[in-house]
$ cat structure_30.cif   # mmCIF, C-alpha atoms and all ligand atoms
data_data
#
loop_
_atom_site.group_PDB
_atom_site.id
_atom_site.type_symbol
_atom_site.label_atom_id
_atom_site.label_comp_id
_atom_site.auth_asym_id
_atom_site.auth_seq_id
_atom_site.Cartn_x
_atom_site.Cartn_y
_atom_site.Cartn_z
ATOM 1 C CA PRO A 24 50.730 161.370 -236.244
ATOM 2 C CA ALA A 25 49.328 157.843 -236.260
ATOM 3 C CA GLY A 26 51.655 154.931 -235.541
ATOM 4 C CA LEU A 27 53.311 153.031 -232.740
ATOM 5 C CA TYR A 28 55.366 154.881 -230.119
ATOM 6 C CA ILE A 29 57.591 152.703 -227.916
ATOM 7 C CA VAL A 30 58.004 154.697 -224.713
ATOM 8 C CA ALA A 31 60.636 153.876 -222.068
ATOM 9 C CA THR A 32 59.566 154.719 -218.501
ATOM 10 C CA PRO A 33 61.511 154.948 -215.198
ATOM 11 C CA ILE A 34 62.910 151.837 -213.467
ATOM 12 C CA GLY A 35 62.359 153.306 -210.015
ATOM 13 C CA ASN A 36 63.008 157.025 -209.933
ATOM 14 C CA LEU A 37 60.145 158.968 -211.497
ATOM 15 C CA GLY A 38 62.574 161.806 -212.266
ATOM 16 C CA ASP A 39 63.963 159.632 -215.064
ATOM 17 C CA ILE A 40 60.895 160.075 -217.274
ATOM 18 C CA THR A 41 61.977 162.053 -220.341
ATOM 19 C CA LEU A 42 60.376 165.275 -221.553
ATOM 20 C CA ARG A 43 59.630 163.543 -224.806
ATOM 21 C CA ALA A 44 57.957 160.596 -223.058
ATOM 22 C CA VAL A 45 55.628 163.019 -221.224
ATOM 23 C CA GLU A 46 54.873 164.838 -224.455
ATOM 24 C CA VAL A 47 54.109 161.663 -226.411
ATOM 25 C CA LEU A 48 52.100 160.032 -223.604
ATOM 26 C CA GLY A 49 50.105 163.262 -223.466
ATOM 27 C CA ALA A 50 49.452 163.143 -227.214
ATOM 28 C CA VAL A 51 48.519 159.493 -227.820
ATOM 29 C CA SER A 52 44.937 158.340 -227.775
ATOM 30 C CA LEU A 53 45.655 154.840 -226.482
ATOM 31 C CA VAL A 54 48.317 153.294 -224.232
ATOM 32 C CA ALA A 55 49.096 149.583 -224.557
ATOM 33 C CA CYS A 56 50.661 148.323 -221.340
ATOM 34 C CA GLU A 57 51.487 145.230 -219.307
ATOM 35 C CA ASP A 58 49.415 146.134 -216.288
ATOM 36 C CA THR A 59 46.824 148.904 -216.387
ATOM 37 C CA ARG A 60 47.194 149.509 -212.630
ATOM 38 C CA VAL A 61 50.961 150.083 -212.817
ATOM 39 C CA THR A 62 50.725 152.290 -215.900
ATOM 40 C CA GLY A 63 47.603 154.007 -214.538
ATOM 41 C CA LYS A 64 49.651 155.076 -211.524
ATOM 42 C CA LEU A 65 52.420 156.510 -213.724
ATOM 43 C CA LEU A 66 49.961 158.390 -215.933
ATOM 44 C CA ASN A 67 48.224 159.679 -212.849
ATOM 45 C CA ARG A 68 51.460 161.083 -211.463
ATOM 46 C CA LEU A 69 52.082 162.768 -214.804
ATOM 47 C CA GLY A 70 48.601 164.275 -214.594
ATOM 48 C CA LEU A 71 47.371 162.320 -217.623
ATOM 49 C CA LYS A 72 44.186 160.358 -218.186
ATOM 50 C CA LYS A 73 44.373 157.925 -221.091
ATOM 51 C CA ARG A 74 42.570 154.973 -222.521
ATOM 52 C CA MET A 75 44.646 151.873 -221.664
ATOM 53 C CA VAL A 76 44.632 148.355 -223.000
ATOM 54 C CA ARG A 77 46.544 145.400 -221.610
ATOM 55 C CA TYR A 78 48.993 143.850 -224.064
ATOM 56 C CA ASP A 79 51.540 141.066 -223.936
ATOM 57 C CA ASP A 80 53.116 138.976 -226.654
ATOM 58 C CA HIS A 81 50.942 136.012 -225.677
ATOM 59 C CA ALA A 82 47.823 138.044 -226.467
ATOM 60 C CA ASP A 83 45.711 136.380 -229.147
ATOM 61 C CA ALA A 84 46.081 137.544 -232.732
ATOM 62 C CA GLY A 85 42.727 139.317 -232.450
ATOM 63 C CA ALA A 86 43.973 141.602 -229.688
ATOM 64 C CA ARG A 87 47.112 142.378 -231.692
ATOM 65 C CA ASP A 88 45.069 143.072 -234.837
ATOM 66 C CA ARG A 89 42.856 145.518 -232.944
ATOM 67 C CA LEU A 90 45.942 147.393 -231.751
ATOM 68 C CA LEU A 91 47.399 147.444 -235.263
ATOM 69 C CA ALA A 92 44.100 148.798 -236.594
ATOM 70 C CA ALA A 93 44.168 151.549 -233.971
ATOM 71 C CA MET A 94 47.759 152.492 -234.921
ATOM 72 C CA ARG A 95 46.726 153.061 -238.509
ATOM 73 C CA GLU A 96 44.241 155.701 -237.364
ATOM 74 C CA GLU A 97 45.858 157.298 -234.309
ATOM 75 C CA PRO A 98 49.023 157.442 -232.233
ATOM 76 C CA VAL A 99 49.348 154.464 -229.847
ATOM 77 C CA ALA A 100 51.980 154.186 -227.097
ATOM 78 C CA LEU A 101 53.496 150.933 -225.884
ATOM 79 C CA VAL A 102 54.906 150.970 -222.349
ATOM 80 C CA SER A 103 55.925 148.254 -219.910
ATOM 81 C CA ASP A 104 55.744 148.275 -216.120
ATOM 82 C CA ALA A 105 59.249 149.753 -215.939
ATOM 83 C CA GLY A 106 62.132 150.542 -218.259
ATOM 84 C CA THR A 107 62.343 149.971 -221.977
ATOM 85 C CA PRO A 108 59.591 147.915 -223.641
ATOM 86 C CA LEU A 109 60.744 144.733 -225.452
ATOM 87 C CA ILE A 110 63.832 144.365 -223.216
ATOM 88 C CA SER A 111 62.735 141.225 -221.311
ATOM 89 C CA ASP A 112 59.257 142.712 -221.712
ATOM 90 C CA PRO A 113 56.377 142.452 -224.190
ATOM 91 C CA GLY A 114 56.354 144.172 -227.562
ATOM 92 C CA TYR A 115 58.526 142.233 -229.972
ATOM 93 C CA ARG A 116 55.635 140.645 -231.851
ATOM 94 C CA LEU A 117 53.719 143.891 -231.952
ATOM 95 C CA VAL A 118 56.661 145.847 -233.396
ATOM 96 C CA ARG A 119 57.358 143.109 -235.898
ATOM 97 C CA ALA A 120 53.734 143.058 -237.048
ATOM 98 C CA ALA A 121 53.609 146.878 -237.225
ATOM 99 C CA ARG A 122 56.740 146.968 -239.407
ATOM 100 C CA GLU A 123 55.424 144.230 -241.672
ATOM 101 C CA GLU A 124 52.272 146.250 -242.210
ATOM 102 C CA GLY A 125 54.120 149.469 -242.953
ATOM 103 C CA ILE A 126 52.932 151.218 -239.793
ATOM 104 C CA ALA A 127 55.291 153.966 -238.573
ATOM 105 C CA VAL A 128 57.245 152.894 -235.481
ATOM 106 C CA THR A 129 59.064 155.388 -233.247
ATOM 107 C CA SER A 130 61.133 154.420 -230.200
ATOM 108 C CA LEU A 131 61.661 156.932 -227.402
ATOM 109 C CA PRO A 132 64.878 156.132 -225.521
ATOM 110 C CA GLY A 133 64.961 156.053 -221.747
ATOM 111 C CA PRO A 134 66.065 153.905 -218.822
ATOM 112 C CA SER A 135 66.870 150.235 -219.089
ATOM 113 C CA ALA A 136 68.187 148.428 -216.010
ATOM 114 C CA ALA A 137 70.803 146.498 -218.009
ATOM 115 C CA VAL A 138 72.481 149.652 -219.310
ATOM 116 C CA VAL A 139 72.335 151.405 -215.933
ATOM 117 C CA ALA A 140 73.933 148.343 -214.290
ATOM 118 C CA LEU A 141 76.658 148.093 -216.923
ATOM 119 C CA THR A 142 77.707 151.718 -216.585
ATOM 120 C CA LEU A 143 77.708 151.452 -212.792
ATOM 121 C CA SER A 144 79.462 148.106 -212.406
ATOM 122 C CA GLY A 145 83.020 148.989 -213.334
ATOM 123 C CA LEU A 146 83.163 145.868 -215.514
ATOM 124 C CA PRO A 147 84.478 146.146 -219.090
ATOM 125 C CA ASN A 148 81.845 147.692 -221.331
ATOM 126 C CA ASP A 149 83.519 147.679 -224.742
ATOM 127 C CA ARG A 150 81.621 144.463 -225.423
ATOM 128 C CA PHE A 151 78.614 143.182 -223.522
ATOM 129 C CA LEU A 152 76.040 140.489 -224.024
ATOM 130 C CA PHE A 153 72.611 140.855 -222.480
ATOM 131 C CA ALA A 154 71.019 137.449 -221.974
ATOM 132 C CA GLY A 155 67.739 138.276 -220.227
ATOM 133 C CA PHE A 156 66.638 135.950 -217.424
ATOM 134 C CA LEU A 157 68.491 132.673 -216.855
ATOM 135 C CA PRO A 158 66.230 129.595 -216.916
ATOM 136 C CA ASN A 159 64.785 128.385 -213.606
ATOM 137 C CA LYS A 160 65.806 124.747 -213.932
ATOM 138 C CA VAL A 161 69.316 123.766 -212.845
ATOM 139 C CA LYS A 162 70.345 121.931 -216.009
ATOM 140 C CA ALA A 163 68.929 124.520 -218.406
ATOM 141 C CA ARG A 164 70.611 127.301 -216.432
ATOM 142 C CA GLU A 165 73.994 125.588 -216.543
ATOM 143 C CA ASP A 166 73.590 124.867 -220.252
ATOM 144 C CA VAL A 167 73.024 128.550 -220.986
ATOM 145 C CA LEU A 168 76.090 129.518 -218.938
ATOM 146 C CA ARG A 169 78.189 126.871 -220.703
ATOM 147 C CA GLU A 170 77.028 128.213 -224.048
ATOM 148 C CA LEU A 171 78.166 131.715 -223.049
ATOM 149 C CA ALA A 172 81.451 130.650 -221.418
ATOM 150 C CA ALA A 173 83.716 131.579 -224.315
ATOM 151 C CA VAL A 174 82.007 134.844 -225.251
ATOM 152 C CA PRO A 175 84.660 137.567 -224.844
ATOM 153 C CA ALA A 176 82.289 140.120 -223.343
ATOM 154 C CA THR A 177 80.707 141.133 -220.057
ATOM 155 C CA LEU A 178 77.558 139.017 -219.569
ATOM 156 C CA MET A 179 74.412 140.579 -218.153
ATOM 157 C CA PHE A 180 71.363 138.842 -216.716
ATOM 158 C CA TYR A 181 68.140 140.004 -215.146
ATOM 159 C CA GLU A 182 67.576 138.285 -211.820
ATOM 160 C CA THR A 183 65.119 138.218 -208.959
ATOM 161 C CA ALA A 184 66.038 138.269 -205.281
ATOM 162 C CA PRO A 185 64.827 134.720 -204.491
ATOM 163 C CA ARG A 186 66.898 133.241 -207.336
ATOM 164 C CA LEU A 187 70.126 135.187 -206.806
ATOM 165 C CA LEU A 188 71.993 132.609 -204.690
ATOM 166 C CA ASP A 189 71.194 129.789 -207.136
ATOM 167 C CA ALA A 190 72.426 131.891 -210.043
ATOM 168 C CA LEU A 191 75.671 132.756 -208.231
ATOM 169 C CA ALA A 192 76.261 129.078 -207.414
ATOM 170 C CA ALA A 193 75.779 128.128 -211.069
ATOM 171 C CA ILE A 194 78.193 130.851 -212.213
ATOM 172 C CA GLY A 195 80.801 129.742 -209.667
ATOM 173 C CA LEU A 196 80.484 126.204 -210.993
ATOM 174 C CA VAL A 197 80.322 126.770 -214.753
ATOM 175 C CA LEU A 198 82.420 129.961 -215.049
ATOM 176 C CA PRO A 199 85.034 129.546 -212.319
ATOM 177 C CA GLY A 200 87.386 132.447 -211.619
ATOM 178 C CA ARG A 201 85.133 135.141 -213.070
ATOM 179 C CA GLU A 202 84.385 138.334 -211.183
ATOM 180 C CA VAL A 203 80.682 139.121 -210.812
ATOM 181 C CA ALA A 204 78.754 142.274 -209.974
ATOM 182 C CA VAL A 205 75.292 142.563 -208.474
ATOM 183 C CA ALA A 206 73.435 145.821 -209.167
ATOM 184 C CA ARG A 207 70.329 146.103 -207.031
ATOM 185 C CA GLU A 208 67.454 148.580 -206.697
ATOM 186 C CA LEU A 209 68.901 150.856 -209.373
ATOM 187 C CA THR A 210 67.810 154.509 -209.257
ATOM 188 C CA LYS A 211 65.949 153.799 -205.977
ATOM 189 C CA ARG A 212 66.701 154.689 -202.378
ATOM 190 C CA PHE A 213 68.561 151.462 -201.554
ATOM 191 C CA GLU A 214 70.574 151.265 -204.760
ATOM 192 C CA GLU A 215 73.774 149.244 -204.418
ATOM 193 C CA CYS A 216 76.381 147.601 -206.597
ATOM 194 C CA ARG A 217 78.761 144.960 -205.194
ATOM 195 C CA HIS A 218 81.479 142.991 -206.838
ATOM 196 C CA GLY A 219 83.663 140.058 -206.029
ATOM 197 C CA SER A 220 83.899 136.353 -206.691
ATOM 198 C CA PRO A 221 80.588 134.458 -206.864
ATOM 199 C CA ASP A 222 81.484 132.919 -203.477
ATOM 200 C CA GLU A 223 82.111 136.278 -201.813
ATOM 201 C CA ILE A 224 78.934 137.791 -203.176
ATOM 202 C CA ALA A 225 76.913 134.686 -202.268
ATOM 203 C CA ALA A 226 78.288 134.782 -198.698
ATOM 204 C CA HIS A 227 77.222 138.410 -198.360
ATOM 205 C CA TYR A 228 73.697 137.788 -199.627
ATOM 206 C CA ALA A 229 73.336 134.582 -197.610
ATOM 207 C CA ALA A 230 73.923 136.731 -194.518
ATOM 208 C CA HIS A 231 71.833 139.674 -195.830
ATOM 209 C CA PRO A 232 69.011 138.227 -197.952
ATOM 210 C CA PRO A 233 68.607 140.547 -200.939
ATOM 211 C CA LYS A 234 65.405 142.436 -201.614
ATOM 212 C CA GLY A 235 64.159 144.131 -204.715
ATOM 213 C CA GLU A 236 65.289 144.026 -208.321
ATOM 214 C CA ILE A 237 68.653 142.786 -209.474
ATOM 215 C CA VAL A 238 70.944 142.817 -212.495
ATOM 216 C CA LEU A 239 73.738 140.245 -212.374
ATOM 217 C CA LEU A 240 76.895 140.843 -214.398
ATOM 218 C CA VAL A 241 79.803 138.522 -215.105
ATOM 219 C CA ALA A 242 83.225 139.800 -216.182
ATOM 220 C CA PRO A 243 84.610 138.547 -219.508
ATOM 221 C CA PRO A 244 86.833 135.476 -219.435
ATOM 222 C CA SER A 245 90.580 136.027 -219.228
ATOM 223 C CA ASP A 246 92.453 135.488 -222.521
ATOM 224 C CA GLU A 247 93.791 132.117 -221.339
ATOM 225 C CA ALA A 248 90.276 130.959 -220.457
ATOM 226 C CA VAL A 249 89.082 131.877 -223.969
ATOM 227 C CA ASP A 250 91.988 129.946 -225.502
ATOM 228 C CA GLU A 251 91.053 126.927 -223.414
ATOM 229 C CA ALA A 252 87.379 127.179 -224.356
ATOM 230 C CA ASP A 253 88.359 127.523 -228.036
ATOM 231 C CA ALA A 254 90.587 124.485 -227.735
ATOM 232 C CA ASP A 255 87.702 122.586 -226.165
ATOM 233 C CA ALA A 256 85.367 123.630 -228.952
ATOM 234 C CA LEU A 257 87.891 122.648 -231.640
ATOM 235 C CA LEU A 258 88.430 119.289 -229.991
ATOM 236 C CA ARG A 259 84.678 118.683 -229.739
ATOM 237 C CA GLU A 260 84.242 119.617 -233.377
ATOM 238 C CA ALA A 261 87.094 117.332 -234.410
ATOM 239 C CA LEU A 262 85.571 114.457 -232.447
ATOM 240 C CA LEU A 263 82.141 115.065 -233.944
ATOM 241 C CA THR A 264 83.329 115.286 -237.542
ATOM 242 C CA GLU A 265 85.697 112.353 -237.294
ATOM 243 C CA LYS A 266 84.467 109.485 -239.433
ATOM 244 C CA PRO A 267 84.169 106.135 -237.654
HETATM 245 N N1 LIG B 301 62.240 146.356 -219.577
HETATM 246 C C1 LIG B 301 62.941 146.500 -218.320
HETATM 247 C C2 LIG B 301 64.232 147.292 -218.560
HETATM 248 O O1 LIG B 301 64.390 147.866 -219.646
HETATM 249 O O2 LIG B 301 65.066 147.369 -217.671
HETATM 250 C C3 LIG B 301 63.204 145.153 -217.664
HETATM 251 C C4 LIG B 301 61.958 144.360 -217.360
HETATM 252 S S1 LIG B 301 62.242 142.812 -216.633
HETATM 253 C C5 LIG B 301 60.633 142.102 -216.649
HETATM 254 C C6 LIG B 301 62.448 143.128 -214.931
HETATM 255 C C7 LIG B 301 63.878 142.890 -214.463
HETATM 256 O O3 LIG B 301 64.651 144.043 -214.787
HETATM 257 C C8 LIG B 301 64.032 142.722 -212.970
HETATM 258 O O4 LIG B 301 63.842 141.374 -212.584
HETATM 259 C C9 LIG B 301 65.468 143.147 -212.760
HETATM 260 O O5 LIG B 301 66.346 142.101 -213.133
HETATM 261 C C10 LIG B 301 65.603 144.266 -213.788
HETATM 262 N N2 LIG B 301 65.306 145.565 -213.171
HETATM 263 C C11 LIG B 301 64.259 146.381 -213.415
HETATM 264 N N3 LIG B 301 64.324 147.495 -212.646
HETATM 265 C C12 LIG B 301 65.457 147.375 -211.906
HETATM 266 C C13 LIG B 301 66.092 148.191 -210.914
HETATM 267 N N4 LIG B 301 65.553 149.344 -210.537
HETATM 268 N N5 LIG B 301 67.242 147.748 -210.368
HETATM 269 C C14 LIG B 301 67.798 146.573 -210.745
HETATM 270 N N6 LIG B 301 67.235 145.775 -211.665
HETATM 271 C C15 LIG B 301 66.091 146.163 -212.240
#

$ encode --input "structure_30.cif" --output "structure tokens"
Amino acid sequence: PAGLYIVATPIGNLGDITLRAVEVLGAVSLVACEDTRVTGKLLNRLGLKKRMVRYDDHADAGARDRLLAAMREEPVALVSDAGTPLISDPGYRLVRAAREEGIAVTSLPGPSAAVVALTLSGLPNDRFLFAGFLPNKVKAREDVLRELAAVPATLMFYETAPRLLDALAAIGLVLPGREVAVARELTKRFEECRHGSPDEIAAHYAAHPPKGEIVLLVAPPSDEAVDEADADALLREALLTEKP
């Protein structure tokens, strides 16, 4: 049936494509994707030939409107280069617009690097907070970490190899005493997951420069650390609300 189908695709190992993803990709008349070459390769390996159109959330309203018009008439798939669309990937605006216009939206579950990393890391998973990519600039990055310091949950970030050491340094500085885990090349041949203090992990990767794709996880704060952060926040609030 017509509508939007959000289709998760593998994050490295092609074996992770779901039966349902193959079925739906085979049935749609149009595939909206980030990069037609990347998605073309996937479709090719699945033995499918499909009309593709490039889409990202910065696309002009006209491009989005054309996709919405297509979804009213026929089934349209949305995929990203790897993993689950919308998760640090395009699609949010498209889904929002589709819902506002009463177009049927279906999401096909599949791999997402954040969830794979969490289950693999051995860090507490009863509560977790996924925060996408940290900002590039030093001050903005530290501000985000400060904002998250008191959150009683495992923190998860997407990272890239060239930025890993900077991110670890910032975590060591702003969130001292917290264990971190680095999950790299998930589902691929050189998959690894290391944990330790930010210093230990940074020393390892300074000696063995990391390659490939990375999820960075930070253990929740200890109870005492949360109490301290709460006390800080209360004090700040008191100072701010105090009348001169
Ligand atoms: N939508 C994707 C998902 O659901 O996982 C994420 C897309 S985001 C643009 C790309 C980032 O995801 C990478 O920089 C890395 O942090 C993470 N990532 C993707 N594949 C990965 C893998 N195989 N191993 C580790 N991290 C991965």

$ closest_atom_pairs --input "structure_30.cif" --of "chain A" --to "ligand LIG 301 (chain B)" --cutoff "9 Å" --atoms "all atoms listed in the file" --output "JSON lines"
{"residue": "A:Ala31", "atom": "CA", "partner": "B:LIG301", "partner_atom": "O1", "distance": 7.5}
{"residue": "A:Thr32", "atom": "CA", "partner": "B:LIG301", "partner_atom": "O1", "distance": 8.5}
{"residue": "A:Pro33", "atom": "CA", "partner": "B:LIG301", "partner_atom": "N4", "distance": 8.3}
{"residue": "A:Ile34", "atom": "CA", "partner": "B:LIG301", "partner_atom": "N3", "distance": 4.6}
{"residue": "A:Gly35", "atom": "CA", "partner": "B:LIG301", "partner_atom": "N4", "distance": 5.1}
{"residue": "A:Asn36", "atom": "CA", "partner": "B:LIG301", "partner_atom": "N4", "distance": 8.1}
{"residue": "A:Ser103", "atom": "CA", "partner": "B:LIG301", "partner_atom": "N1", "distance": 6.6}
{"residue": "A:Asp104", "atom": "CA", "partner": "B:LIG301", "partner_atom": "C4", "distance": 7.4}
{"residue": "A:Ala105", "atom": "CA", "partner": "B:LIG301", "partner_atom": "C1", "distance": 5.5}
{"residue": "A:Gly106", "atom": "CA", "partner": "B:LIG301", "partner_atom": "O1", "distance": 3.8}
{"residue": "A:Thr107", "atom": "CA", "partner": "B:LIG301", "partner_atom": "O1", "distance": 3.7}
{"residue": "A:Pro108", "atom": "CA", "partner": "B:LIG301", "partner_atom": "N1", "distance": 5.1}
{"residue": "A:Leu109", "atom": "CA", "partner": "B:LIG301", "partner_atom": "N1", "distance": 6.3}
{"residue": "A:Ile110", "atom": "CA", "partner": "B:LIG301", "partner_atom": "N1", "distance": 4.4}
{"residue": "A:Ser111", "atom": "CA", "partner": "B:LIG301", "partner_atom": "S1", "distance": 5.0}
{"residue": "A:Asp112", "atom": "CA", "partner": "B:LIG301", "partner_atom": "N1", "distance": 5.2}
{"residue": "A:Pro113", "atom": "CA", "partner": "B:LIG301", "partner_atom": "N1", "distance": 8.4}
{"residue": "A:Gly133", "atom": "CA", "partner": "B:LIG301", "partner_atom": "O1", "distance": 8.5}
{"residue": "A:Pro134", "atom": "CA", "partner": "B:LIG301", "partner_atom": "O1", "distance": 6.3}
{"residue": "A:Ser135", "atom": "CA", "partner": "B:LIG301", "partner_atom": "O1", "distance": 3.5}
{"residue": "A:Ala136", "atom": "CA", "partner": "B:LIG301", "partner_atom": "O2", "distance": 3.7}
{"residue": "A:Ala137", "atom": "CA", "partner": "B:LIG301", "partner_atom": "O2", "distance": 5.8}
{"residue": "A:Val138", "atom": "CA", "partner": "B:LIG301", "partner_atom": "O2", "distance": 7.9}
{"residue": "A:Val139", "atom": "CA", "partner": "B:LIG301", "partner_atom": "N5", "distance": 8.4}
{"residue": "A:Ala140", "atom": "CA", "partner": "B:LIG301", "partner_atom": "C14", "distance": 7.3}
{"residue": "A:Gly155", "atom": "CA", "partner": "B:LIG301", "partner_atom": "S1", "distance": 8.0}
{"residue": "A:Phe156", "atom": "CA", "partner": "B:LIG301", "partner_atom": "O5", "distance": 7.5}
{"residue": "A:Phe180", "atom": "CA", "partner": "B:LIG301", "partner_atom": "O5", "distance": 7.0}
{"residue": "A:Tyr181", "atom": "CA", "partner": "B:LIG301", "partner_atom": "O5", "distance": 3.4}
{"residue": "A:Glu182", "atom": "CA", "partner": "B:LIG301", "partner_atom": "O5", "distance": 4.2}
{"residue": "A:Thr183", "atom": "CA", "partner": "B:LIG301", "partner_atom": "O4", "distance": 5.0}
{"residue": "A:Ala184", "atom": "CA", "partner": "B:LIG301", "partner_atom": "O4", "distance": 8.2}
{"residue": "A:Val205", "atom": "CA", "partner": "B:LIG301", "partner_atom": "C14", "distance": 8.8}
{"residue": "A:Ala206", "atom": "CA", "partner": "B:LIG301", "partner_atom": "C14", "distance": 5.9}
{"residue": "A:Arg207", "atom": "CA", "partner": "B:LIG301", "partner_atom": "C14", "distance": 4.5}
{"residue": "A:Glu208", "atom": "CA", "partner": "B:LIG301", "partner_atom": "N5", "distance": 3.8}
{"residue": "A:Leu209", "atom": "CA", "partner": "B:LIG301", "partner_atom": "N5", "distance": 3.7}
{"residue": "A:Thr210", "atom": "CA", "partner": "B:LIG301", "partner_atom": "N4", "distance": 5.8}
{"residue": "A:Lys211", "atom": "CA", "partner": "B:LIG301", "partner_atom": "N4", "distance": 6.4}
{"residue": "A:Glu214", "atom": "CA", "partner": "B:LIG301", "partner_atom": "N5", "distance": 7.4}
{"residue": "A:Glu215", "atom": "CA", "partner": "B:LIG301", "partner_atom": "N5", "distance": 9.0}
{"residue": "A:Gly235", "atom": "CA", "partner": "B:LIG301", "partner_atom": "N5", "distance": 7.4}
{"residue": "A:Glu236", "atom": "CA", "partner": "B:LIG301", "partner_atom": "N6", "distance": 4.2}
{"residue": "A:Ile237", "atom": "CA", "partner": "B:LIG301", "partner_atom": "N6", "distance": 4.0}
{"residue": "A:Val238", "atom": "CA", "partner": "B:LIG301", "partner_atom": "O5", "distance": 4.7}
{"residue": "A:Leu239", "atom": "CA", "partner": "B:LIG301", "partner_atom": "O5", "distance": 7.7}

$ residues_around --input "structure_30.cif" --residues "Leu191 of chain A" --least-positions-apart "5" --cutoff "12 Å" --atoms "only C-alpha atoms" --output "ChimeraX atom specification"
/A:157,161,164-165,168,180,182-186,196-199,201-205,218-229,238-241

$ atom_distance --input "structure_30.cif" --atom1 "atom CA of Arg116 of chain A" --atom2 "atom CA of Val51 of chain A"
20.5 Å

$ atom_distance --input "structure_30.cif" --atom1 "atom CA of Pro158 of chain A" --atom2 "atom CA of Ala82 of chain A"
22.4 Å

$ closest_residue --input "structure_30.cif" --among "A:Thr62, A:Thr177, A:Thr41, A:Ser52" --to "Ser144 of chain A" --atoms "all atoms listed in the file"
A:Thr177

$ resolve_selection --input "structure_30.cif" --expression "the PyMOL selection byres (((chain A and resi 147) around 8) and not hetatm)" --output "list of chain:residue names"
A:Gly145, A:Leu146, A:Asn148, A:Asp149, A:Arg150, A:Phe151, A:Ala176, A:Thr177, A:Ala242, A:Pro243

$ atom_distance --input "structure_30.cif" --atom1 "atom CA of Gly49 of chain A" --atom2 "atom CA of Ala84 of chain A"
27.6 Å

$ resolve_selection --input "structure_30.cif" --expression "the PyMOL selection byres (((chain A and resi 47) around 9) and not hetatm)" --output "JSON, numbers by chain"
{"A": [28, 30, 42, 43, 44, 45, 46, 48, 49, 50, 51, 98, 100, 131]}

$ write_last_selection --input "structure_30.cif" --atoms "C-alpha atoms" --output "PDB file, in the frame of the given file"
ATOM      1  CA  TYR A  28      55.366 154.881-230.119  1.00  0.00           C
ATOM      2  CA  VAL A  30      58.004 154.697-224.713  1.00  0.00           C
ATOM      3  CA  LEU A  42      60.376 165.275-221.553  1.00  0.00           C
ATOM      4  CA  ARG A  43      59.630 163.543-224.806  1.00  0.00           C
ATOM      5  CA  ALA A  44      57.957 160.596-223.058  1.00  0.00           C
ATOM      6  CA  VAL A  45      55.628 163.019-221.224  1.00  0.00           C
ATOM      7  CA  GLU A  46      54.873 164.838-224.455  1.00  0.00           C
ATOM      8  CA  LEU A  48      52.100 160.032-223.604  1.00  0.00           C
ATOM      9  CA  GLY A  49      50.105 163.262-223.466  1.00  0.00           C
ATOM     10  CA  ALA A  50      49.452 163.143-227.214  1.00  0.00           C
ATOM     11  CA  VAL A  51      48.519 159.493-227.820  1.00  0.00           C
ATOM     12  CA  PRO A  98      49.023 157.442-232.233  1.00  0.00           C
ATOM     13  CA  ALA A 100      51.980 154.186-227.097  1.00  0.00           C
ATOM     14  CA  LEU A 131      61.661 156.932-227.402  1.00  0.00           C
TER      15      LEU A 131
END

$ closest_residue --input "structure_30.cif" --among "A:Glu170, A:Asp58, A:Asp83, A:Glu124" --to "Leu101 of chain A" --atoms "all atoms listed in the file"
A:Asp58

$ resolve_selection --input "structure_30.cif" --expression "the PyMOL selection byres (((chain A and resi 86-89) around 12) and not hetatm)" --output "count of residues only"
30

$ closest_residue --input "structure_30.cif" --among "A:Lys72, A:Leu27, A:Val54, A:Asp166" --to "Ala127 of chain A" --atoms "all atoms listed in the file"
A:Leu27
